[in-house]
Structures are given as structure tokens and as C-alpha cells.
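Colleague: Handing you this structure, nothing more for now.
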Amino acid sequence: MRVLLEGFGVNTIDSDAIGHDVLEPDGPAFSEVAGTWPDALRDGRIDRSVLAGIVFSDPVQLATLESLTHPHIFGRITSMLQGIGGPVVVEIPLLHKAPPGEWRRLVVDCDDQARLQRLVDHGMTGDQAHARMKNQPSRAEWLALADLVVPNHGDLPELEGAVSAILTHL
């Protein structure tokens, strides 16, 4: 989605990429996360897939991880926003975890089976994908939070058309 928006000239910020950065060995959350989950360390780095296996099976562990990483992620987003003029789309996987402030929420919508299949296509097992989705809002909850909805039920040309149509609302 971010790549499509950028192709239309929209400024974007990828919170997941920032999340990767804060977990790097020189990142601000590395020490606390590594100390909390030493089993997730591989060759001096946090193995995100191992960490995901731990935290997405336990809501308390997930909340702990979020308390260690989200302040750094949202702090960096806030800093980045100050240097951008015009509309900006901040890609945040979980809308109910957005930083404080006035944010219009754009939801990219697809049915649960398609979400599940896309996670599996990106290398997760079915069990891992189900665990991840269990810790996310339901489709109805996503849509209830949305100010704008981009349907993503078809192929790439359909998604490109939907993104183009929504640009006037940004």
C-alpha cells in the first residue's frame, strides 16, 4: 500500500520499518527487549520471528513488548512528521495503537481468509498466522475505526484504482 501511495506522490512513514530499527543492536529498545527475551537473540541480534512466536501466543508478553518499543516508534514518527509538509500516510498495523492526536484512519480492507492466506504467503505457518490475527482487531473492528476504506479484495490493478480514487480524500 505504501509503495502505491508513494507512486501517487503521497508522503508515507512505515512504522514497521521503524519497529525494525528500534530492535537493531544499536536501537533504543534493543537492550530491554534482548534482556526480557534472551531466547530471541541470534548472533547478537533479535530474531523477530522467534520474538513473534513468543509474544503473539501470550497477550501479556505482547503488551510488554509494546511497552518497550512503542514509545520509541511513536517518538520517531512524531519527529518525522515535523519535517514533512502536506498529507502524510503513517502505516500502522494496529489502528487502536496509534499515537495520540487527530488522525484520520485509512483502512485497507480484505476478508479474513485473504488476510490469512497473505500471511502464509509471506512465510508464516497457518498457526503463526492465526496467532497473529488473534491479537489484531477483527475485520468489523477495523472497519468501525476507519474514516476511509480502501478495498483490497482483488488484484493489483483493482487496488491501484482504489488508491487513486481515495487520493482526493487525503
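Letters A, B, ... mark the chains of the C-alpha cells in the order given; residue numbers begin at 1 per chain; ligand numbers begin at 1, in order shown.
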Which residues are near Asp21 of chain A? Cut-off 12 Å, only C-alpha atoms, ignore same chain within fewer than 3 positions. Put them as a list in words.
Modeller: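 Listed by chain and then number, they are Asp14, Ser15, Asp16, Ala17, Ile18, Glu24, Pro25, Asp26, Gly27, Pro28, Ala29, Phe30, Arg45, Ile46, Arg48, Thr69, His72, Ile73 and Arg76 of chain A.
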Colleague: May I have the selected residues written with all heavy atoms, as a short mmCIF file (atom, residue, chain, number, x, y, z; two decimals), in the first residue's frame?
Modeller:
```cif
data_model
loop_
_atom_site.label_atom_id
_atom_site.label_comp_id
_atom_site.auth_asym_id
_atom_site.auth_seq_id
_atom_site.Cartn_x
_atom_site.Cartn_y
_atom_site.Cartn_z
N ASP A 14 6.58 4.38 7.40
CA ASP A 14 6.34 2.96 7.65
C ASP A 14 6.72 2.64 9.10
O ASP A 14 7.91 2.53 9.42
CB ASP A 14 7.16 2.13 6.66
CG ASP A 14 6.99 0.64 6.82
OD1 ASP A 14 6.31 0.19 7.77
OD2 ASP A 14 7.55 -0.09 5.98
N SER A 15 5.73 2.49 9.96
CA SER A 15 6.02 2.24 11.37
C SER A 15 6.66 0.87 11.59
O SER A 15 7.43 0.70 12.54
CB SER A 15 4.75 2.37 12.22
OG SER A 15 3.84 1.34 11.91
N ASP A 16 6.39 -0.09 10.71
CA ASP A 16 7.00 -1.41 10.86
C ASP A 16 8.51 -1.32 10.61
O ASP A 16 9.30 -1.94 11.32
CB ASP A 16 6.35 -2.42 9.92
CG ASP A 16 6.71 -3.84 10.29
OD1 ASP A 16 6.61 -4.19 11.49
OD2 ASP A 16 7.10 -4.61 9.39
N ALA A 17 8.91 -0.52 9.61
CA ALA A 17 10.35 -0.32 9.37
C ALA A 17 11.00 0.34 10.57
O ALA A 17 12.13 -0.01 10.96
CB ALA A 17 10.56 0.51 8.10
N ILE A 18 10.30 1.30 11.17
CA ILE A 18 10.83 1.94 12.38
C ILE A 18 10.93 0.91 13.50
O ILE A 18 11.91 0.89 14.26
CB ILE A 18 9.95 3.13 12.80
CG1 ILE A 18 10.00 4.22 11.72
CG2 ILE A 18 10.39 3.69 14.15
CD1 ILE A 18 8.97 5.32 11.90
N GLU A 24 17.23 -3.05 16.32
CA GLU A 24 18.60 -3.32 15.88
C GLU A 24 19.54 -3.21 17.09
O GLU A 24 19.22 -2.53 18.07
CB GLU A 24 19.01 -2.31 14.81
CG GLU A 24 18.35 -2.54 13.46
CD GLU A 24 18.77 -3.85 12.82
OE1 GLU A 24 19.97 -4.22 12.90
OE2 GLU A 24 17.89 -4.53 12.26
N PRO A 25 20.71 -3.84 17.04
CA PRO A 25 21.63 -3.79 18.19
C PRO A 25 21.95 -2.38 18.66
O PRO A 25 22.18 -2.18 19.86
CB PRO A 25 22.88 -4.50 17.66
CG PRO A 25 22.33 -5.48 16.66
CD PRO A 25 21.18 -4.74 15.99
N ASP A 26 21.94 -1.40 17.77
CA ASP A 26 22.18 -0.02 18.21
C ASP A 26 20.88 0.76 18.42
O ASP A 26 20.89 1.96 18.66
CB ASP A 26 23.08 0.72 17.21
CG ASP A 26 22.45 0.82 15.82
OD1 ASP A 26 21.46 0.11 15.54
OD2 ASP A 26 22.96 1.62 15.00
N GLY A 27 19.74 0.07 18.34
CA GLY A 27 18.44 0.71 18.50
C GLY A 27 18.08 0.94 19.96
O GLY A 27 18.57 0.24 20.86
N PRO A 28 17.21 1.89 20.22
CA PRO A 28 16.90 2.27 21.59
C PRO A 28 16.13 1.22 22.40
O PRO A 28 16.15 1.28 23.63
CB PRO A 28 16.06 3.53 21.42
CG PRO A 28 15.47 3.44 20.06
CD PRO A 28 16.50 2.71 19.23
N ALA A 29 15.50 0.26 21.76
CA ALA A 29 14.75 -0.76 22.50
C ALA A 29 15.50 -2.09 22.59
O ALA A 29 15.05 -3.01 23.28
CB ALA A 29 13.38 -0.99 21.86
N PHE A 30 16.63 -2.18 21.92
CA PHE A 30 17.34 -3.46 21.84
C PHE A 30 17.67 -4.06 23.20
O PHE A 30 17.35 -5.21 23.48
CB PHE A 30 18.63 -3.33 21.01
CG PHE A 30 19.41 -4.61 20.95
CD1 PHE A 30 19.09 -5.60 20.05
CD2 PHE A 30 20.47 -4.83 21.84
CE1 PHE A 30 19.80 -6.78 19.99
CE2 PHE A 30 21.18 -6.02 21.80
CZ PHE A 30 20.86 -7.00 20.88
N ARG A 45 21.71 -10.43 17.60
CA ARG A 45 20.58 -9.67 17.04
C ARG A 45 19.29 -10.30 17.53
O ARG A 45 19.24 -11.48 17.88
CB ARG A 45 20.60 -9.70 15.52
CG ARG A 45 21.89 -9.17 14.91
CD ARG A 45 21.84 -9.20 13.41
NE ARG A 45 21.03 -8.13 12.87
CZ ARG A 45 21.44 -6.88 12.69
NH1 ARG A 45 22.66 -6.54 13.02
NH2 ARG A 45 20.65 -5.97 12.18
N ILE A 46 18.22 -9.51 17.54
CA ILE A 46 16.91 -10.04 17.90
C ILE A 46 16.32 -10.69 16.66
O ILE A 46 16.19 -10.05 15.61
CB ILE A 46 15.99 -8.92 18.44
CG1 ILE A 46 16.55 -8.40 19.76
CG2 ILE A 46 14.56 -9.44 18.59
CD1 ILE A 46 15.88 -7.16 20.28
N ARG A 48 13.32 -11.57 14.93
CA ARG A 48 11.93 -11.12 15.02
C ARG A 48 10.94 -12.28 14.90
O ARG A 48 9.88 -12.24 15.51
CB ARG A 48 11.65 -10.06 13.96
CG ARG A 48 12.35 -8.74 14.27
CD ARG A 48 12.15 -7.72 13.17
NE ARG A 48 10.78 -7.49 12.83
CZ ARG A 48 10.00 -6.53 13.34
NH1 ARG A 48 10.50 -5.69 14.22
NH2 ARG A 48 8.75 -6.40 12.96
N THR A 69 8.71 -0.94 23.00
CA THR A 69 9.02 -0.46 21.65
C THR A 69 8.17 0.73 21.21
O THR A 69 8.68 1.63 20.52
CB THR A 69 8.85 -1.59 20.62
OG1 THR A 69 7.51 -2.10 20.66
CG2 THR A 69 9.86 -2.71 20.86
N HIS A 72 9.37 4.44 21.50
CA HIS A 72 10.44 4.77 20.54
C HIS A 72 9.88 4.91 19.13
O HIS A 72 10.25 5.82 18.39
CB HIS A 72 11.53 3.71 20.58
CG HIS A 72 12.17 3.56 21.92
ND1 HIS A 72 12.96 4.54 22.49
CD2 HIS A 72 12.13 2.54 22.81
CE1 HIS A 72 13.38 4.13 23.68
NE2 HIS A 72 12.88 2.93 23.90
N ILE A 73 8.99 4.00 18.76
CA ILE A 73 8.40 4.03 17.41
C ILE A 73 7.59 5.31 17.23
O ILE A 73 7.78 6.04 16.26
CB ILE A 73 7.54 2.78 17.16
CG1 ILE A 73 8.41 1.52 17.14
CG2 ILE A 73 6.74 2.92 15.86
CD1 ILE A 73 7.64 0.21 17.19
N ARG A 76 9.68 8.50 17.11
CA ARG A 76 10.33 8.71 15.82
C ARG A 76 9.32 9.19 14.78
O ARG A 76 9.62 10.06 13.97
CB ARG A 76 11.02 7.44 15.35
CG ARG A 76 11.89 7.73 14.14
CD ARG A 76 12.83 6.63 13.78
NE ARG A 76 13.75 6.28 14.84
CZ ARG A 76 14.51 5.20 14.80
NH1 ARG A 76 14.47 4.40 13.76
NH2 ARG A 76 15.32 4.91 15.80
#
```
Colleague: Step one, run DSSP on the backbone; step two, keep only residues of chain A assigned to strand (DSSP E or B); then write them as a list in words.
Modeller: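 Matching residues for strand (DSSP E or B) in chain A are Asn11, Thr12, Ile13, Asp14, Leu41, Arg42, Arg45, Ile46, Val88, Val89, Val90, Glu91, Leu106, Val107, Val108, Asp109, Leu148, Val149, Val150 and Pro151 of chain A.
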Colleague: Which parts of segment 5-168 of chain A does DSSP call alpha helix (DSSP H) when run on the backbone here, written out as a compact mmCIF listing (two decimals) with N, CA, C and O atoms, in the first residue's frame?
Modeller:
```
# COMPACT_ATOMS: atom_id res chain seq x y z
N LEU A 5 0.94 4.41 -2.66
CA LEU A 5 0.74 5.80 -2.26
C LEU A 5 1.92 6.66 -2.66
O LEU A 5 1.75 7.77 -3.18
N GLU A 6 3.12 6.17 -2.44
CA GLU A 6 4.31 6.92 -2.83
C GLU A 6 4.35 7.14 -4.34
O GLU A 6 4.77 8.20 -4.81
N GLY A 7 3.89 6.15 -5.09
CA GLY A 7 3.83 6.28 -6.54
C GLY A 7 2.90 7.40 -6.98
O GLY A 7 3.08 7.98 -8.06
N SER A 15 5.73 2.49 9.96
CA SER A 15 6.02 2.24 11.37
C SER A 15 6.66 0.87 11.59
O SER A 15 7.43 0.70 12.54
N ASP A 16 6.39 -0.09 10.71
CA ASP A 16 7.00 -1.41 10.86
C ASP A 16 8.51 -1.32 10.61
O ASP A 16 9.30 -1.94 11.32
N ALA A 17 8.91 -0.52 9.61
CA ALA A 17 10.35 -0.32 9.37
C ALA A 17 11.00 0.34 10.57
O ALA A 17 12.13 -0.01 10.96
N ILE A 18 10.30 1.30 11.17
CA ILE A 18 10.83 1.94 12.38
C ILE A 18 10.93 0.91 13.50
O ILE A 18 11.91 0.89 14.26
N GLY A 19 9.93 0.03 13.59
CA GLY A 19 9.98 -1.04 14.59
C GLY A 19 11.19 -1.95 14.42
O GLY A 19 11.79 -2.39 15.40
N HIS A 20 11.56 -2.22 13.17
CA HIS A 20 12.77 -2.99 12.91
C HIS A 20 13.99 -2.23 13.42
O HIS A 20 14.86 -2.81 14.07
N ASP A 21 14.05 -0.93 13.11
CA ASP A 21 15.19 -0.11 13.50
C ASP A 21 15.38 -0.06 15.02
O ASP A 21 16.51 -0.12 15.50
N VAL A 22 14.29 0.09 15.77
CA VAL A 22 14.45 0.22 17.22
C VAL A 22 14.90 -1.09 17.86
O VAL A 22 15.39 -1.08 19.00
N PHE A 30 16.63 -2.18 21.92
CA PHE A 30 17.34 -3.46 21.84
C PHE A 30 17.67 -4.06 23.20
O PHE A 30 17.35 -5.21 23.48
N SER A 31 18.32 -3.30 24.05
CA SER A 31 18.80 -3.85 25.33
C SER A 31 17.66 -4.38 26.19
O SER A 31 17.75 -5.48 26.75
N GLU A 32 16.58 -3.58 26.29
CA GLU A 32 15.46 -4.01 27.12
C GLU A 32 14.77 -5.24 26.54
O GLU A 32 14.41 -6.17 27.27
N VAL A 33 14.59 -5.27 25.22
CA VAL A 33 13.93 -6.41 24.59
C VAL A 33 14.82 -7.64 24.69
O VAL A 33 14.36 -8.74 25.04
N ALA A 34 16.10 -7.48 24.41
CA ALA A 34 17.03 -8.61 24.50
C ALA A 34 17.12 -9.14 25.93
O ALA A 34 17.19 -10.36 26.14
N GLY A 35 17.09 -8.24 26.90
CA GLY A 35 17.12 -8.67 28.29
C GLY A 35 15.85 -9.36 28.73
O GLY A 35 15.88 -10.26 29.58
N THR A 36 14.73 -8.95 28.18
CA THR A 36 13.44 -9.55 28.54
C THR A 36 13.25 -10.91 27.87
O THR A 36 12.69 -11.83 28.47
N ARG A 48 13.32 -11.57 14.93
CA ARG A 48 11.93 -11.12 15.02
C ARG A 48 10.94 -12.28 14.90
O ARG A 48 9.88 -12.24 15.51
N SER A 49 11.27 -13.30 14.14
CA SER A 49 10.33 -14.42 14.02
C SER A 49 10.27 -15.21 15.33
O SER A 49 9.19 -15.67 15.73
N VAL A 50 11.39 -15.37 16.01
CA VAL A 50 11.39 -16.04 17.32
C VAL A 50 10.62 -15.18 18.32
O VAL A 50 9.78 -15.69 19.08
N LEU A 51 10.91 -13.89 18.33
CA LEU A 51 10.21 -12.98 19.24
C LEU A 51 8.71 -13.00 18.98
O LEU A 51 7.90 -13.06 19.91
N ALA A 52 8.31 -12.98 17.70
CA ALA A 52 6.88 -13.03 17.36
C ALA A 52 6.25 -14.32 17.88
O ALA A 52 5.12 -14.30 18.38
N GLY A 53 6.97 -15.44 17.78
CA GLY A 53 6.44 -16.70 18.29
C GLY A 53 6.17 -16.66 19.78
O GLY A 53 5.24 -17.30 20.28
N ILE A 54 6.97 -15.90 20.49
CA ILE A 54 6.80 -15.76 21.94
C ILE A 54 5.64 -14.82 22.26
O ILE A 54 4.73 -15.17 23.01
N VAL A 55 5.65 -13.63 21.69
CA VAL A 55 4.70 -12.61 22.12
C VAL A 55 3.31 -12.78 21.54
O VAL A 55 2.33 -12.39 22.18
N PRO A 59 -0.82 -12.60 25.34
CA PRO A 59 -1.15 -11.17 25.35
C PRO A 59 -0.34 -10.35 26.35
O PRO A 59 -0.05 -9.18 26.10
N VAL A 60 0.05 -10.94 27.46
CA VAL A 60 0.86 -10.21 28.45
C VAL A 60 2.25 -9.93 27.89
O VAL A 60 2.78 -8.82 28.03
N GLN A 61 2.82 -10.94 27.24
CA GLN A 61 4.14 -10.76 26.61
C GLN A 61 4.07 -9.70 25.50
O GLN A 61 4.96 -8.87 25.37
N LEU A 62 2.99 -9.74 24.72
CA LEU A 62 2.82 -8.76 23.65
C LEU A 62 2.72 -7.35 24.23
O LEU A 62 3.34 -6.41 23.72
N ALA A 63 1.95 -7.19 25.28
CA ALA A 63 1.82 -5.88 25.92
C ALA A 63 3.17 -5.39 26.45
O ALA A 63 3.49 -4.20 26.36
N THR A 64 3.96 -6.30 26.98
CA THR A 64 5.30 -5.93 27.46
C THR A 64 6.17 -5.45 26.30
O THR A 64 6.82 -4.41 26.40
N LEU A 65 6.16 -6.20 25.20
CA LEU A 65 6.95 -5.78 24.04
C LEU A 65 6.50 -4.40 23.55
O LEU A 65 7.34 -3.53 23.28
N GLU A 66 5.20 -4.20 23.47
CA GLU A 66 4.68 -2.90 23.01
C GLU A 66 5.10 -1.78 23.95
O GLU A 66 5.42 -0.67 23.51
N SER A 67 5.11 -2.05 25.25
CA SER A 67 5.51 -1.00 26.21
C SER A 67 6.99 -0.64 26.06
O SER A 67 7.38 0.48 26.37
N LEU A 68 7.79 -1.57 25.55
CA LEU A 68 9.21 -1.31 25.36
C LEU A 68 9.52 -0.66 24.01
O LEU A 68 10.50 0.09 23.88
N THR A 69 8.71 -0.94 23.00
CA THR A 69 9.02 -0.46 21.65
C THR A 69 8.17 0.73 21.21
O THR A 69 8.68 1.63 20.52
N HIS A 70 6.89 0.76 21.56
CA HIS A 70 6.01 1.80 21.05
C HIS A 70 6.44 3.22 21.39
O HIS A 70 6.33 4.11 20.53
N PRO A 71 6.94 3.51 22.58
CA PRO A 71 7.38 4.89 22.83
C PRO A 71 8.47 5.34 21.85
O PRO A 71 8.46 6.48 21.38
N HIS A 72 9.37 4.44 21.50
CA HIS A 72 10.44 4.77 20.54
C HIS A 72 9.88 4.91 19.13
O HIS A 72 10.25 5.82 18.39
N ILE A 73 8.99 4.00 18.76
CA ILE A 73 8.40 4.03 17.41
C ILE A 73 7.59 5.31 17.23
O ILE A 73 7.78 6.04 16.26
N PHE A 74 6.69 5.59 18.16
CA PHE A 74 5.84 6.77 18.01
C PHE A 74 6.62 8.07 18.19
O PHE A 74 6.29 9.08 17.57
N GLY A 75 7.67 8.04 19.00
CA GLY A 75 8.52 9.22 19.11
C GLY A 75 9.21 9.53 17.79
O GLY A 75 9.29 10.70 17.37
N ARG A 76 9.68 8.50 17.11
CA ARG A 76 10.33 8.71 15.82
C ARG A 76 9.32 9.19 14.78
O ARG A 76 9.62 10.06 13.97
N ILE A 77 8.11 8.62 14.80
CA ILE A 77 7.07 9.06 13.86
C ILE A 77 6.78 10.55 14.08
O ILE A 77 6.71 11.33 13.12
N THR A 78 6.63 10.95 15.32
CA THR A 78 6.35 12.36 15.64
C THR A 78 7.47 13.25 15.11
O THR A 78 7.20 14.30 14.51
N SER A 79 8.71 12.85 15.29
CA SER A 79 9.83 13.64 14.79
C SER A 79 9.81 13.73 13.27
O SER A 79 10.05 14.80 12.70
N MET A 80 9.53 12.63 12.61
CA MET A 80 9.50 12.61 11.15
C MET A 80 8.38 13.49 10.60
O MET A 80 8.55 14.17 9.59
N LEU A 81 7.23 13.48 11.27
CA LEU A 81 6.10 14.28 10.80
C LEU A 81 6.41 15.77 10.80
O LEU A 81 5.89 16.50 9.96
N ASP A 112 -11.01 -12.03 6.03
CA ASP A 112 -10.08 -12.74 6.91
C ASP A 112 -9.35 -13.88 6.20
O ASP A 112 -8.17 -14.12 6.47
N GLN A 113 -10.03 -14.57 5.32
CA GLN A 113 -9.37 -15.67 4.61
C GLN A 113 -8.23 -15.15 3.74
O GLN A 113 -7.16 -15.74 3.69
N ALA A 114 -8.45 -14.02 3.09
CA ALA A 114 -7.40 -13.42 2.27
C ALA A 114 -6.25 -12.94 3.16
O ALA A 114 -5.07 -13.11 2.81
N ARG A 115 -6.56 -12.33 4.31
CA ARG A 115 -5.50 -11.90 5.24
C ARG A 115 -4.67 -13.10 5.68
O ARG A 115 -3.43 -13.04 5.69
N LEU A 116 -5.35 -14.18 6.04
CA LEU A 116 -4.67 -15.39 6.48
C LEU A 116 -3.76 -15.92 5.37
O LEU A 116 -2.59 -16.22 5.61
N GLN A 117 -4.29 -16.00 4.17
CA GLN A 117 -3.50 -16.52 3.06
C GLN A 117 -2.30 -15.63 2.76
O GLN A 117 -1.22 -16.13 2.47
N ARG A 118 -2.46 -14.34 2.86
CA ARG A 118 -1.34 -13.42 2.60
C ARG A 118 -0.24 -13.59 3.64
O ARG A 118 0.95 -13.51 3.33
N LEU A 119 -0.62 -13.81 4.91
CA LEU A 119 0.39 -14.06 5.94
C LEU A 119 1.14 -15.36 5.66
O LEU A 119 2.37 -15.42 5.79
N VAL A 120 0.42 -16.40 5.27
CA VAL A 120 1.05 -17.68 4.94
C VAL A 120 1.96 -17.50 3.71
O VAL A 120 3.07 -18.02 3.68
N ASP A 121 1.49 -16.75 2.73
CA ASP A 121 2.30 -16.50 1.53
C ASP A 121 3.58 -15.75 1.85
O ASP A 121 4.55 -15.83 1.10
N GLY A 126 0.32 -21.65 9.20
CA GLY A 126 -1.08 -21.35 9.50
C GLY A 126 -1.28 -21.01 10.96
O GLY A 126 -2.02 -20.08 11.29
N ASP A 127 -0.62 -21.76 11.86
CA ASP A 127 -0.75 -21.49 13.30
C ASP A 127 -0.20 -20.12 13.66
O ASP A 127 -0.79 -19.39 14.46
N GLN A 128 0.95 -19.76 13.09
CA GLN A 128 1.53 -18.44 13.36
C GLN A 128 0.61 -17.33 12.86
O GLN A 128 0.42 -16.32 13.54
N ALA A 129 0.05 -17.53 11.68
CA ALA A 129 -0.85 -16.52 11.11
C ALA A 129 -2.10 -16.37 11.96
O ALA A 129 -2.54 -15.25 12.23
N HIS A 130 -2.66 -17.48 12.42
CA HIS A 130 -3.85 -17.42 13.29
C HIS A 130 -3.52 -16.71 14.59
O HIS A 130 -4.31 -15.89 15.08
N ALA A 131 -2.35 -17.01 15.18
CA ALA A 131 -1.95 -16.36 16.43
C ALA A 131 -1.80 -14.85 16.23
O ALA A 131 -2.21 -14.05 17.06
N ARG A 132 -1.22 -14.46 15.11
CA ARG A 132 -1.04 -13.03 14.81
C ARG A 132 -2.39 -12.36 14.68
O ARG A 132 -2.63 -11.30 15.25
N MET A 133 -3.29 -12.97 13.91
CA MET A 133 -4.61 -12.37 13.69
C MET A 133 -5.44 -12.32 14.96
O MET A 133 -6.23 -11.40 15.14
N LYS A 134 -5.25 -13.29 15.83
CA LYS A 134 -6.00 -13.32 17.09
C LYS A 134 -5.69 -12.10 17.96
O LYS A 134 -6.52 -11.63 18.72
N ARG A 139 -12.15 -7.85 11.53
CA ARG A 139 -12.43 -7.02 10.35
C ARG A 139 -13.49 -5.96 10.69
O ARG A 139 -13.36 -4.80 10.29
N ALA A 140 -14.52 -6.35 11.42
CA ALA A 140 -15.57 -5.39 11.80
C ALA A 140 -14.99 -4.26 12.65
O ALA A 140 -15.37 -3.10 12.49
N GLU A 141 -14.07 -4.60 13.55
CA GLU A 141 -13.44 -3.57 14.39
C GLU A 141 -12.58 -2.64 13.54
O GLU A 141 -12.57 -1.42 13.76
N TRP A 142 -11.82 -3.19 12.59
CA TRP A 142 -11.02 -2.36 11.68
C TRP A 142 -11.93 -1.35 10.98
O TRP A 142 -11.65 -0.16 10.93
N LEU A 143 -13.01 -1.87 10.39
CA LEU A 143 -13.90 -1.01 9.61
C LEU A 143 -14.59 0.02 10.47
O LEU A 143 -14.81 1.15 10.03
N ALA A 144 -14.92 -0.33 11.71
CA ALA A 144 -15.56 0.63 12.62
C ALA A 144 -14.61 1.78 12.97
O ALA A 144 -15.06 2.89 13.25
N LEU A 145 -13.30 1.53 12.95
CA LEU A 145 -12.32 2.57 13.26
C LEU A 145 -12.00 3.46 12.06
O LEU A 145 -11.38 4.51 12.21
N LEU A 156 -3.86 -6.47 -8.20
CA LEU A 156 -3.13 -5.22 -8.06
C LEU A 156 -3.74 -4.07 -8.86
O LEU A 156 -3.87 -2.96 -8.32
N PRO A 157 -4.16 -4.27 -10.11
CA PRO A 157 -4.79 -3.14 -10.82
C PRO A 157 -6.05 -2.62 -10.12
O PRO A 157 -6.29 -1.40 -10.10
N GLU A 158 -6.82 -3.50 -9.51
CA GLU A 158 -8.01 -3.05 -8.76
C GLU A 158 -7.59 -2.22 -7.55
O GLU A 158 -8.20 -1.19 -7.25
N LEU A 159 -6.53 -2.66 -6.85
CA LEU A 159 -6.05 -1.92 -5.69
C LEU A 159 -5.51 -0.55 -6.12
O LEU A 159 -5.78 0.45 -5.47
N GLU A 160 -4.79 -0.51 -7.23
CA GLU A 160 -4.28 0.76 -7.73
C GLU A 160 -5.43 1.73 -8.03
O GLU A 160 -5.37 2.92 -7.71
N GLY A 161 -6.51 1.21 -8.62
CA GLY A 161 -7.67 2.05 -8.89
C GLY A 161 -8.33 2.56 -7.62
O GLY A 161 -8.72 3.72 -7.54
N ALA A 162 -8.41 1.70 -6.61
CA ALA A 162 -9.00 2.11 -5.33
C ALA A 162 -8.15 3.18 -4.64
O ALA A 162 -8.67 4.14 -4.08
N VAL A 163 -6.82 3.02 -4.70
CA VAL A 163 -5.92 4.01 -4.11
C VAL A 163 -6.06 5.34 -4.85
O VAL A 163 -6.17 6.41 -4.24
N SER A 164 -6.08 5.29 -6.16
CA SER A 164 -6.24 6.51 -6.96
C SER A 164 -7.53 7.23 -6.60
O SER A 164 -7.56 8.45 -6.46
N ALA A 165 -8.60 6.47 -6.42
CA ALA A 165 -9.90 7.08 -6.11
C ALA A 165 -9.93 7.74 -4.75
O ALA A 165 -10.66 8.70 -4.54
N ILE A 166 -9.13 7.26 -3.82
CA ILE A 166 -9.18 7.80 -2.46
C ILE A 166 -8.27 9.01 -2.27
O ILE A 166 -8.38 9.74 -1.28
```
Colleague: For Val108 of chain A, work out the shell of residues within 7 Å, counting only C-alpha atoms and skipping chain neighbours fewer than 4 positions away, then give it as a PyMOL selection string.
Modeller: chain A and resi 149-152
Colleague: When you count only C-alpha atoms, which of these residues is closest to Ala146 of chain A: A:Leu106, A:Met124, A:Leu167, A:Val90?
Modeller: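 Among the listed residues, the smallest separation from Ala146 of chain A belongs to A:Leu106.
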Colleague: Interatomic distance between atom CA of Ile92 of chain A and atom CA of Asp155 of chain A?
Modeller: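 Between these atoms lies a distance of 22.4 Å.
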Colleague: In Å, how far is it from atom CA of Phe56 of chain A to atom CA of Gly154 of chain A?
Modeller: 28.3 Å
Colleague: Grab the atom CA of Leu148 of chain A to atom CA of Gln82 of chain A distance for me, in Å with one decimal place.
Modeller: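 Atom CA of Gln82 of chain A lies at a distance of 23.5 Å from atom CA of Leu148 of chain A.
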